[in-house]
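File shown here: final13.cif, holding mmCIF, C-alpha atoms.
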data_input
#
loop_
_atom_site.group_PDB
_atom_site.id
_atom_site.type_symbol
_atom_site.label_atom_id
_atom_site.label_comp_id
_atom_site.auth_asym_id
_atom_site.auth_seq_id
_atom_site.Cartn_x
_atom_site.Cartn_y
_atom_site.Cartn_z
ATOM 1 C CA MET A 1 -11.292 -22.399 40.396
ATOM 2 C CA ASP A 2 -8.391 -24.718 40.930
ATOM 3 C CA ILE A 3 -4.972 -24.148 39.373
ATOM 4 C CA LYS A 4 -5.431 -26.838 36.699
ATOM 5 C CA TRP A 5 -8.446 -25.101 35.106
ATOM 6 C CA PHE A 6 -6.803 -21.703 35.457
ATOM 7 C CA THR A 7 -3.724 -22.993 33.599
ATOM 8 C CA ILE A 8 -5.851 -24.482 30.809
ATOM 9 C CA ALA A 9 -7.863 -21.272 30.430
ATOM 10 C CA PHE A 10 -4.692 -19.179 30.357
ATOM 11 C CA ALA A 11 -3.067 -21.453 27.745
ATOM 12 C CA PHE A 12 -6.203 -21.256 25.570
ATOM 13 C CA LEU A 13 -6.157 -17.450 25.819
ATOM 14 C CA VAL A 14 -2.482 -17.281 24.797
ATOM 15 C CA VAL A 15 -3.007 -19.621 21.826
ATOM 16 C CA SER A 16 -6.073 -17.620 20.713
ATOM 17 C CA CYS A 17 -4.131 -14.373 20.805
ATOM 18 C CA LEU A 18 -1.248 -15.818 18.820
ATOM 19 C CA ALA A 19 -3.536 -17.204 16.108
ATOM 20 C CA GLN A 20 -5.130 -13.884 15.187
ATOM 21 C CA ARG A 21 -5.335 -12.712 11.610
ATOM 22 C CA GLN A 22 -2.996 -9.817 10.889
ATOM 23 C CA VAL A 23 -3.024 -7.743 7.697
ATOM 24 C CA THR A 24 -0.003 -5.544 6.987
ATOM 25 C CA VAL A 25 0.760 -3.133 4.158
ATOM 26 C CA GLN A 26 3.826 -1.251 3.068
ATOM 27 C CA PRO A 27 4.274 1.514 5.652
ATOM 28 C CA GLY A 28 3.848 5.103 4.521
ATOM 29 C CA PRO A 29 3.850 7.816 3.733
ATOM 30 C CA LEU A 30 4.683 6.627 0.218
ATOM 31 C CA ILE A 31 5.827 9.567 -1.882
ATOM 32 C CA ARG A 32 5.866 8.800 -5.594
ATOM 33 C CA THR A 33 6.213 10.841 -8.789
ATOM 34 C CA GLU A 34 3.162 11.340 -10.974
ATOM 35 C CA GLY A 35 3.389 9.239 -14.120
ATOM 36 C CA SER A 36 5.547 6.575 -12.456
ATOM 37 C CA HIS A 37 4.765 2.870 -11.965
ATOM 38 C CA ILE A 38 4.228 2.177 -8.266
ATOM 39 C CA THR A 39 3.571 -0.938 -6.198
ATOM 40 C CA ILE A 40 2.184 -1.360 -2.672
ATOM 41 C CA TRP A 41 2.501 -4.738 -0.958
ATOM 42 C CA CYS A 42 -0.071 -6.376 1.344
ATOM 43 C CA ASN A 43 0.307 -9.547 3.432
ATOM 44 C CA VAL A 44 -1.997 -11.536 5.692
ATOM 45 C CA THR A 45 -0.875 -13.960 8.421
ATOM 46 C CA GLY A 46 -2.499 -15.849 11.293
ATOM 47 C CA TYR A 47 -5.467 -17.293 9.418
ATOM 48 C CA LYS A 48 -6.473 -20.915 9.942
ATOM 49 C CA GLU A 49 -8.748 -21.937 7.089
ATOM 50 C CA GLY A 50 -8.342 -21.438 3.371
ATOM 51 C CA VAL A 51 -5.111 -21.695 1.455
ATOM 52 C CA GLU A 52 -5.395 -18.758 -0.925
ATOM 53 C CA GLN A 53 -6.594 -15.484 0.568
ATOM 54 C CA ASP A 54 -8.599 -12.867 -1.324
ATOM 55 C CA PHE A 55 -7.576 -9.208 -1.336
ATOM 56 C CA GLU A 56 -9.567 -6.040 -1.959
ATOM 57 C CA TRP A 57 -7.947 -2.628 -2.459
ATOM 58 C CA SER A 58 -9.781 0.623 -1.791
ATOM 59 C CA MET A 59 -8.727 4.229 -1.270
ATOM 60 C CA TYR A 60 -9.968 7.259 0.609
ATOM 61 C CA LEU A 61 -9.427 10.797 -0.661
ATOM 62 C CA TYR A 62 -8.048 13.354 1.788
ATOM 63 C CA THR A 63 -11.052 15.593 1.063
ATOM 64 C CA THR A 64 -13.580 12.823 1.908
ATOM 65 C CA PRO A 65 -11.776 10.462 4.311
ATOM 66 C CA ASP A 66 -14.967 8.561 5.252
ATOM 67 C CA ARG A 67 -15.937 7.648 1.663
ATOM 68 C CA GLU A 68 -14.521 4.364 0.381
ATOM 69 C CA ILE A 69 -13.578 4.212 -3.304
ATOM 70 C CA ARG A 70 -13.174 0.611 -4.439
ATOM 71 C CA ILE A 71 -10.279 -0.043 -6.798
ATOM 72 C CA VAL A 72 -9.557 -3.724 -7.490
ATOM 73 C CA SER A 73 -10.149 -7.196 -6.024
ATOM 74 C CA THR A 74 -8.705 -10.674 -6.518
ATOM 75 C CA SER A 75 -12.162 -12.257 -6.273
ATOM 76 C CA GLN A 76 -14.682 -9.749 -7.695
ATOM 77 C CA HIS A 77 -14.305 -8.852 -11.370
ATOM 78 C CA ASN A 78 -16.547 -5.733 -11.242
ATOM 79 C CA TYR A 79 -15.292 -4.483 -7.856
ATOM 80 C CA ALA A 80 -13.946 -1.094 -9.025
ATOM 81 C CA TYR A 81 -16.027 2.069 -8.737
ATOM 82 C CA ALA A 82 -16.435 4.124 -11.923
ATOM 83 C CA LEU A 83 -13.491 6.369 -11.006
ATOM 84 C CA TYR A 84 -11.101 3.395 -11.389
ATOM 85 C CA ALA A 85 -13.024 0.892 -13.555
ATOM 86 C CA GLN A 86 -11.498 1.927 -16.902
ATOM 87 C CA ARG A 87 -7.954 1.889 -15.510
ATOM 88 C CA VAL A 88 -8.530 -1.550 -13.937
ATOM 89 C CA ASN A 89 -10.091 -2.957 -17.135
ATOM 90 C CA SER A 90 -7.138 -1.689 -19.205
ATOM 91 C CA LYS A 91 -4.669 -3.215 -16.675
ATOM 92 C CA GLU A 92 -3.251 0.216 -15.777
ATOM 93 C CA ILE A 93 -4.153 -0.843 -12.221
ATOM 94 C CA TYR A 94 -3.957 -4.507 -11.223
ATOM 95 C CA ILE A 95 -3.115 -6.949 -8.432
ATOM 96 C CA GLU A 96 -0.121 -9.280 -8.714
ATOM 97 C CA ARG A 97 -0.359 -12.326 -6.470
ATOM 98 C CA LEU A 98 3.020 -13.178 -4.915
ATOM 99 C CA SER A 99 1.722 -16.124 -2.879
ATOM 100 C CA GLY A 100 -1.513 -17.365 -1.319
ATOM 101 C CA ASP A 101 -1.298 -14.680 1.346
ATOM 102 C CA SER A 102 0.663 -11.847 -0.286
ATOM 103 C CA VAL A 103 -0.041 -9.436 -3.162
ATOM 104 C CA LEU A 104 1.224 -6.290 -4.860
ATOM 105 C CA LEU A 105 -1.074 -3.490 -5.988
ATOM 106 C CA HIS A 106 0.290 -2.023 -9.247
ATOM 107 C CA ILE A 107 -0.552 1.446 -10.526
ATOM 108 C CA THR A 108 1.369 1.698 -13.779
ATOM 109 C CA LYS A 109 0.850 5.426 -14.307
ATOM 110 C CA LEU A 110 0.304 7.342 -11.068
ATOM 111 C CA GLN A 111 -2.072 10.297 -11.390
ATOM 112 C CA ALA A 112 -2.582 13.295 -9.102
ATOM 113 C CA THR A 113 -6.067 11.951 -8.300
ATOM 114 C CA ASP A 114 -4.494 8.750 -6.896
ATOM 115 C CA GLN A 115 -3.303 10.557 -3.751
ATOM 116 C CA GLY A 116 -4.979 9.339 -0.584
ATOM 117 C CA MET A 117 -5.179 6.627 2.041
ATOM 118 C CA TYR A 118 -5.003 3.106 0.544
ATOM 119 C CA GLU A 119 -6.619 0.160 2.322
ATOM 120 C CA CYS A 120 -5.955 -3.530 1.771
ATOM 121 C CA TYR A 121 -8.804 -5.714 3.059
ATOM 122 C CA THR A 122 -8.857 -9.514 3.306
ATOM 123 C CA PRO A 123 -12.256 -11.190 3.714
ATOM 124 C CA ASN A 124 -12.526 -13.658 6.577
ATOM 125 C CA THR A 125 -11.834 -17.314 5.701
ATOM 126 C CA ASP A 126 -12.113 -18.659 9.264
ATOM 127 C CA SER A 127 -15.170 -19.856 11.168
ATOM 128 C CA ARG A 128 -14.910 -16.857 13.528
ATOM 129 C CA TYR A 129 -13.634 -13.304 13.427
ATOM 130 C CA LEU A 130 -10.410 -12.703 15.316
ATOM 131 C CA GLY A 131 -7.720 -10.155 14.520
ATOM 132 C CA SER A 132 -7.409 -7.419 11.916
ATOM 133 C CA TYR A 133 -8.791 -7.698 8.410
ATOM 134 C CA SER A 134 -7.415 -4.534 6.829
ATOM 135 C CA ALA A 135 -4.473 -2.159 6.947
ATOM 136 C CA ARG A 136 -3.889 1.298 5.474
ATOM 137 C CA THR A 137 -1.034 3.319 4.027
ATOM 138 C CA ASN A 138 -0.737 6.894 2.814
ATOM 139 C CA LEU A 139 0.181 7.595 -0.857
ATOM 140 C CA THR A 140 1.227 11.057 -2.029
ATOM 141 C CA GLY A 141 2.013 11.958 -5.620
ATOM 142 C CA GLU A 142 4.624 14.546 -6.505
ATOM 143 C CA PRO A 143 4.662 16.339 -9.867
ATOM 144 C CA PRO A 144 7.515 15.361 -12.183
ATOM 145 C CA LEU A 145 10.627 17.507 -12.022
ATOM 146 C CA ASN A 146 10.589 20.692 -14.067
ATOM 147 C CA SER A 147 12.620 20.204 -17.236
ATOM 148 C CA HIS A 148 14.582 23.351 -16.325
ATOM 149 C CA LEU A 149 16.083 21.694 -13.260
ATOM 150 C CA THR A 150 19.104 19.421 -13.309
ATOM 151 C CA LEU A 151 19.909 16.965 -10.536
ATOM 152 C CA ILE A 152 23.537 16.806 -9.464
ATOM 153 C CA TYR A 153 24.608 13.965 -7.174
ATOM 154 C CA ASN A 154 28.151 13.710 -5.826
ATOM 155 C CA ILE A 155 29.724 11.219 -3.476
ATOM 156 C CA ALA A 156 33.077 11.955 -1.948
ATOM 157 C CA CYS A 157 35.151 8.796 -1.607
ATOM 158 C CA PHE A 158 38.638 8.486 -0.196
ATOM 159 C CA LEU A 159 40.569 5.223 -0.195
ATOM 160 C CA GLN A 160 37.458 3.267 -1.232
ATOM 161 C CA GLN A 161 35.373 4.562 1.711
ATOM 162 C CA CYS A 162 32.567 6.973 0.958
ATOM 163 C CA VAL A 163 32.465 9.836 3.430
ATOM 164 C CA PHE A 164 29.416 11.894 2.432
ATOM 165 C CA ALA A 165 26.843 12.391 -0.300
ATOM 166 C CA PHE A 166 25.724 15.707 -1.751
ATOM 167 C CA MET A 167 22.605 16.190 -3.839
ATOM 168 C CA SER A 168 21.406 19.483 -5.319
ATOM 169 C CA PHE A 169 19.150 20.901 -7.998
ATOM 170 C CA ILE A 170 20.562 23.502 -10.375
ATOM 171 C CA GLN A 171 18.274 25.861 -12.310
ATOM 172 C CA THR A 172 19.149 25.639 -16.008
ATOM 173 C CA GLY A 173 16.315 27.748 -17.421
ATOM 174 C CA PRO A 174 13.450 30.013 -16.398
ATOM 175 C CA VAL A 175 11.496 28.946 -13.334
ATOM 176 C CA PHE A 176 8.170 29.928 -14.927
ATOM 177 C CA PRO A 177 7.450 29.643 -18.622
ATOM 178 C CA GLN A 178 7.346 33.054 -20.276
ATOM 179 C CA GLU A 179 3.968 34.252 -21.422
ATOM 180 C CA ALA A 180 3.478 34.695 -25.131
ATOM 181 C CA GLY A 181 2.582 38.202 -25.821
#

Can you give me the file's structure in the form of structure tokens?
Amino acid sequence: MDIKWFTIAFAFLVVSCLAQRQVTVQPGPLIRTEGSHITIWCNVTGYKEGVEQDFEWSMYLYTTPDREIRIVSTSQHNYAYALYAQRVNSKEIYIERLSGDSVLLHITKLQATDQGMYECYTPNTDSRYLGSYSARTNLTGEPPLNSHLTLIYNIACFLQQCVFAFMSFIQTGPVFPQEAG
């Protein structure tokens, strides 16, 4: 093979590698408080055809990491499995489109059962498959703070320059509720 064809083949390989689809999600672990409104972003780049991309969100429980549980989709109205269908239909869980290739997954009231691995998938819009079509992030829910704990947050500042921050929890009541008896 002469150098001319080698150069052309190499240039084609470089261009092909640069034009690959890449899906990215907010890196985890994401630690959120139960009952809070959370968002997880997802972006896709490197696609050639199609202006507006479709997005599908699924999750995998830690106890069954190989079982996909479909949550919500930008293109399929009845995408959600029964576990999430009511929350999706009531808009407790929804997708906000930021642009043609970027979305936010909203969960307006995080539940303990929402903990798991979240996957954002973008169906192929090109004539061939090249690159990644999904990305995952880890979401963990924390119970709300006990009402008997108080958060104290202090910042020591001298001459308008903050030197250190101190955060602590102070017990203001019983750790465990007393049994009636």

Looking at only C-alpha atoms, which of A:Thr113, A:Thr140, A:Thr125, A:Thr45 is the one that sits closest to Val23 in chain A?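 Among A:Thr113, A:Thr140, A:Thr125, A:Thr45, it is A:Thr45 that comes nearest to Val23 in chain A.
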
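With all atoms listed in the file as the basis for measurement, A:Gly35 is the residue among A:Gly46, A:Gly35, A:Gly100, A:Pro123 that approaches Gly141 in chain A most closely.
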
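Distance annotation: of A:Ile40, A:Ala85, A:Met117, A:Ile31, the residue with the minimal separation from Thr64 in chain A is A:Met117; atom set is all atoms listed in the file.
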
Evaluate the PyMOL selection byres ((chain A and resi 103) around 12) and report residues as a ChimeraX atom specification: /A:23-26,39-44,52-57,72-74,94-102,104-106,120-122

Would you please work out which residue, of A:Arg21, A:Lys109, A:Arg87, A:Arg136, is nearest to Lys48 in chain A when using all atoms listed in the file?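 The shortest atom-to-atom distance to Lys48 in chain A comes from A:Arg21.
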
Could you state the separation of CA of Glu34 in chain A and CA of Leu139 in chain A in Å, given to one decimal place? 11.2 Å

Could you add whatever atoms are missing so that range 69-86 of chain A carries N, CA and C atoms, then write the result as a short mmCIF file (atom, residue, chain, number, x, y, z; two decimals), in the coordinates of the input?
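The file below, rebuild_22.cif, is the result:
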data_model
loop_
_atom_site.label_atom_id
_atom_site.label_comp_id
_atom_site.auth_asym_id
_atom_site.auth_seq_id
_atom_site.Cartn_x
_atom_site.Cartn_y
_atom_site.Cartn_z
N ILE A 69 -13.57 4.32 -1.85
CA ILE A 69 -13.58 4.21 -3.30
C ILE A 69 -12.91 2.89 -3.64
N ARG A 70 -13.69 1.94 -4.12
CA ARG A 70 -13.17 0.61 -4.44
C ARG A 70 -12.33 0.65 -5.70
N ILE A 71 -11.19 -0.07 -5.66
CA ILE A 71 -10.28 -0.04 -6.80
C ILE A 71 -10.24 -1.39 -7.51
N VAL A 72 -9.76 -2.44 -6.82
CA VAL A 72 -9.56 -3.72 -7.49
C VAL A 72 -9.60 -4.85 -6.45
N SER A 73 -10.00 -6.04 -6.91
CA SER A 73 -10.15 -7.20 -6.02
C SER A 73 -9.62 -8.44 -6.73
N THR A 74 -9.13 -9.40 -5.94
CA THR A 74 -8.70 -10.67 -6.52
C THR A 74 -9.89 -11.60 -6.77
N SER A 75 -11.04 -11.33 -6.15
CA SER A 75 -12.16 -12.26 -6.27
C SER A 75 -13.38 -11.69 -6.99
N GLN A 76 -13.51 -10.36 -7.07
CA GLN A 76 -14.68 -9.75 -7.70
C GLN A 76 -14.27 -8.97 -8.94
N HIS A 77 -14.71 -9.45 -10.10
CA HIS A 77 -14.30 -8.85 -11.37
C HIS A 77 -14.78 -7.40 -11.50
N ASN A 78 -15.99 -7.09 -11.11
CA ASN A 78 -16.55 -5.73 -11.24
C ASN A 78 -16.50 -4.98 -9.92
N TYR A 79 -15.44 -5.10 -9.18
CA TYR A 79 -15.29 -4.48 -7.86
C TYR A 79 -15.08 -2.97 -7.94
N ALA A 80 -14.37 -2.50 -8.95
CA ALA A 80 -13.95 -1.09 -9.02
C ALA A 80 -15.12 -0.15 -9.22
N TYR A 81 -15.08 0.98 -8.50
CA TYR A 81 -16.03 2.07 -8.74
C TYR A 81 -15.66 2.74 -10.06
N ALA A 82 -16.59 3.50 -10.61
CA ALA A 82 -16.43 4.12 -11.92
C ALA A 82 -15.13 4.91 -12.06
N LEU A 83 -14.71 5.56 -10.98
CA LEU A 83 -13.49 6.37 -11.01
C LEU A 83 -12.27 5.55 -11.43
N TYR A 84 -12.25 4.26 -11.09
CA TYR A 84 -11.10 3.40 -11.39
C TYR A 84 -11.40 2.26 -12.38
N ALA A 85 -12.65 2.06 -12.74
CA ALA A 85 -13.02 0.89 -13.56
C ALA A 85 -12.28 0.83 -14.89
N GLN A 86 -12.17 1.94 -15.60
CA GLN A 86 -11.50 1.93 -16.90
C GLN A 86 -10.02 1.59 -16.75
#
